[in-house]
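What follows is a set of notes on a single structure, which appears directly below.
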Amino acid sequence: QQQGPGQERKRPDLPKPAITRNYYEILEVQMESPAQDIKSSFRKLVKELHPDVNPDKNPAELQKYLEVTTAYEVISDPLLRAQYDLRWNVSQNLASEADIGQYADLRSQEAAEVAVRARSSATAANRMADAAKKERKVEVDKAKAESGGTAARAEARSRRTELRELRRRASQLRDWAQWAEKEARQARKEAAAWNGDDFFG
């Protein structure tokens with residue numbers, strides 16, 4: 001709908017973008033903590049929350065694991081950390097629509113970067129698992145041709161643990177990628193709501 005002469009384009013009432021939890025709190029460190037302290041805390045949390053030690057797949061624990069993984073992906077990278085610190089500082093003082101729009105843009109950029117990294121990690125893990133599966137088949141077929149079925153079964157067993165671990169790692173990274181992409185879609189939607197023109201016509 002076009003605006004008539006003299007009519008002001010008024011932005012509809014929109015909810016403020018969701019302010020995610022403080023990544024430093026998630027990682028149980030301070031904002032000024034050095035990289036080594038952050039890394040140590042991350043490793044400790046991962047040991048507690050990792051899906052491998054969460055056999056019941058408790059949703060709350062899995063949620064925490066995904067949050068910790070995402071927080072560390074950002075805070076462990078100097079550039080993303082600087083961008084995050086800026087976003088967080090902006091989020092603490094949303095005094096105007098311009099502030100909210102800036103926050104929404106920063107959040108969207110950050111979430112998109114994390115999603116790309118997560119999907120890249122998941123893709124690489126899938127390729128590793130597929131390559132290991134093919135290599136296992138080659139070795140099993142070779143053992144069978146050279147020494148018979150017993151040797152082939154032994155070779156298959158020897159490779160089973162490695163292949164299972166690679167598949168599990170790939171599955172965990174796919175979970176993280178799906179989580180990160182969902183966060184990115186939400187952040188992009190919020191940024192568009194604050195900065196786009198679709199809501200004016």
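We name chains A, B, ... following the order of the structure tokens; residues begin at 1 in each chain, and ligands are numbered from 1 as shown.
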
For range 67-73 of chain A: contacts at 10 Å, only C-alpha atoms, fewer than 3 positions along chain excluded, given as a short mmCIF file (atom, residue, chain, number, x, y, z; two decimals) with C-alpha atoms, in the first residue's frame:
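File written: out-v8.cif
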data_model
loop_
_atom_site.label_atom_id
_atom_site.label_comp_id
_atom_site.auth_asym_id
_atom_site.auth_seq_id
_atom_site.Cartn_x
_atom_site.Cartn_y
_atom_site.Cartn_z
CA THR A 20 20.68 -14.33 23.83
CA ARG A 21 22.35 -15.30 27.04
CA ASN A 22 25.77 -13.85 27.70
CA TYR A 23 28.29 -16.19 26.03
CA TYR A 24 30.78 -15.54 28.81
CA GLU A 25 28.22 -16.68 31.37
CA ILE A 26 27.52 -19.78 29.30
CA LEU A 27 31.26 -20.57 29.29
CA GLU A 28 31.52 -19.70 33.01
CA ILE A 38 38.21 -19.75 28.24
CA LYS A 39 39.56 -22.86 26.52
CA SER A 41 36.51 -23.84 30.98
CA PHE A 42 35.08 -24.94 27.63
CA ARG A 43 36.84 -28.31 27.86
CA LEU A 45 31.96 -28.04 30.35
CA VAL A 46 32.13 -30.24 27.26
CA LEU A 49 27.64 -32.02 28.81
CA HIS A 50 28.91 -34.04 25.85
CA GLU A 61 21.68 -31.09 28.79
CA LEU A 62 21.81 -31.26 25.00
CA GLN A 63 20.58 -27.66 24.83
CA LYS A 64 23.40 -26.60 27.16
CA SER A 76 37.54 -18.45 20.75
CA ASP A 77 37.87 -16.47 17.50
CA LEU A 80 34.12 -12.85 16.27
CA ARG A 81 34.83 -12.16 19.93
CA TYR A 84 30.30 -10.16 19.94
CA ALA A 111 24.67 -16.04 13.83
CA GLU A 113 28.94 -16.79 10.51
CA VAL A 114 28.50 -19.45 13.22
CA ALA A 115 25.98 -21.32 11.05
CA ARG A 117 31.19 -22.71 10.33
CA ALA A 118 28.94 -25.32 11.90
CA LEU A 173 28.12 -31.72 14.36
CA TRP A 176 25.03 -28.27 16.09
CA ALA A 177 24.67 -27.12 12.48
CA TRP A 179 20.82 -25.49 15.90
CA ALA A 180 23.08 -22.75 14.49
#

Contact residues around range 85-89 of chain A with only C-alpha atoms at 7 Å, ignoring same-chain residues under 6 positions, as JSON, numbers by chain: {"A": [103, 106, 107]}

Using DSSP assignments from the backbone, pull out every residue in range 71-112 of chain A that falls under alpha helix (DSSP H) and give it to me as a VMD selection string. chain A and resid 71 to 75 78 to 91 97 to 112

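Remark: for Asp37 in chain A, the closest of the candidate residues A:Trp194, A:Ile75, A:Ala82, A:Glu155 is A:Ile75 (distances computed over only C-alpha atoms).
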
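Picture a line from CA of Gln102 in chain A to CA of Lys189 in chain A; it runs 14.0 Å.
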
Pick out the residues sitting within 10 Å of Asp141 in chain A, and hand them over as a count of residues only; count only C-alpha atoms, and ignore anything fewer than 4 positions along from it in its own chain. 13

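Taking CA of Met31 in chain A as the reference point, CA of Lys182 in chain A is found at 25.9 Å.
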
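Interatomic distance, CA of Glu110 in chain A to CA of Arg168 in chain A: 27.0 Å.
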